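Participant: Pasting in a structure now, in structure tokens, and then I'll have a few things to ask.
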Amino acid sequence: MTEDQAVQALGALAHPMRLRIFRALVVAGDDGQTPGVLVEALGIPNATLSFHLKELSHAGLITVERASRNLVYRAAYDRMNGLLGFLTENCCAGAPCGVDVPSNACHC
């Protein structure tokens with residue numbers, strides 16, 4: 001992940017509602033969630049959800065797929081793990097430490 005990509009991802013997550021949406025999609029796993037389920041679970045209007053989903057998608061943090069009549073949104077685990085790796089790649093000034101990103105990475 002490049003620095004610009006990390007800044008874009010962090011910027012997208014720097015809004016409380018987008019963070020809640022992203023976390024809800026992480027919890028949903030590979031099954032993802034439809035907008036209707038997210039609206040009900042988060043108690044926000046459709047237009048607000050749509051705006052935030054667009055921002056998260058633009059940052060590459062979520063994906064969308066059409067399943068019959070529904071759109072299904074999922075967390076982009078590869079991008080999330082890339083961001084975690086970027087944030088921790090220089091931890092402990094290069095000395096061995098307790099952070100092991102590959103084993104802690106989400107593989108949903």
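Scheme for the structure tokens: letters A, B, ... for chains in order shown; per-chain residue numbers from 1; ligand numbers from 1 in order shown.
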Need the shell around region 3-13 of chain A: protein/DNA/RNA residues with any atom at most 12 Å away, counting only C-alpha atoms. Skip same-chain ones fewer than 2 positions apart. Format as an NGL selection string?
Facilitator: :A and (1 or 15-23 or 51-62 or 76 or 79-88)
Participant: Leaving out Asp31 (chain A) and any residue of its chain fewer than 3 positions from it, which residues lie within 10 Å of it when counting only C-alpha atoms, given as a list in words?
Facilitator: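 My list of contacting residues is Leu25, Val26, Val27, Ala28, Thr34, Val72, Tyr73, Arg74, Ala75 and Cys108 of chain A.
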Participant: Kindly export the residues of the current selection with N, CA and C atoms, as a PDB file, in the first residue's frame.
Facilitator:
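Result file follows (selection-v3.pdb):
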```pdb
ATOM      1  N   LEU A  25     -19.653  -4.191   8.323  1.00  0.00           N
ATOM      2  CA  LEU A  25     -19.346  -5.064   7.191  1.00  0.00           C
ATOM      3  C   LEU A  25     -18.245  -6.065   7.537  1.00  0.00           C
ATOM      4  N   VAL A  26     -17.299  -5.666   8.375  1.00  0.00           N
ATOM      5  CA  VAL A  26     -16.274  -6.603   8.833  1.00  0.00           C
ATOM      6  C   VAL A  26     -16.929  -7.713   9.644  1.00  0.00           C
ATOM      7  N   VAL A  27     -17.847  -7.351  10.525  1.00  0.00           N
ATOM      8  CA  VAL A  27     -18.553  -8.342  11.341  1.00  0.00           C
ATOM      9  C   VAL A  27     -19.389  -9.270  10.458  1.00  0.00           C
ATOM     10  N   ALA A  28     -19.973  -8.748   9.392  1.00  0.00           N
ATOM     11  CA  ALA A  28     -20.811  -9.553   8.501  1.00  0.00           C
ATOM     12  C   ALA A  28     -20.009 -10.606   7.756  1.00  0.00           C
ATOM     13  N   THR A  34     -26.772  -6.076   2.794  1.00  0.00           N
ATOM     14  CA  THR A  34     -27.490  -5.251   1.833  1.00  0.00           C
ATOM     15  C   THR A  34     -27.704  -3.868   2.449  1.00  0.00           C
ATOM     16  N   VAL A  72     -24.954  -6.210  -2.553  1.00  0.00           N
ATOM     17  CA  VAL A  72     -24.354  -6.745  -1.339  1.00  0.00           C
ATOM     18  C   VAL A  72     -22.993  -6.086  -1.171  1.00  0.00           C
ATOM     19  N   TYR A  73     -22.813  -5.440  -0.034  1.00  0.00           N
ATOM     20  CA  TYR A  73     -21.559  -4.764   0.281  1.00  0.00           C
ATOM     21  C   TYR A  73     -20.751  -5.644   1.223  1.00  0.00           C
ATOM     22  N   ARG A  74     -19.442  -5.675   0.979  1.00  0.00           N
ATOM     23  CA  ARG A  74     -18.529  -6.462   1.811  1.00  0.00           C
ATOM     24  C   ARG A  74     -17.281  -5.633   2.123  1.00  0.00           C
ATOM     25  N   ALA A  75     -16.702  -5.890   3.272  1.00  0.00           N
ATOM     26  CA  ALA A  75     -15.412  -5.278   3.603  1.00  0.00           C
ATOM     27  C   ALA A  75     -14.366  -5.863   2.666  1.00  0.00           C
ATOM     28  N   CYS A 108     -11.192 -13.514   6.310  1.00  0.00           N
ATOM     29  CA  CYS A 108     -12.593 -13.921   6.161  1.00  0.00           C
ATOM     30  C   CYS A 108     -12.904 -14.248   4.713  1.00  0.00           C
TER      31      CYS A 108
END
```
Participant: For a quick check of understanding, using only C-alpha atoms, which of A:Gln33, A:Asn90, A:Thr63, A:Asn46 has the smallest distance to Asp78 (chain A)?
Facilitator: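 Among A:Gln33, A:Asn90, A:Thr63, A:Asn46, it is A:Thr63 that comes nearest to Asp78 (chain A).
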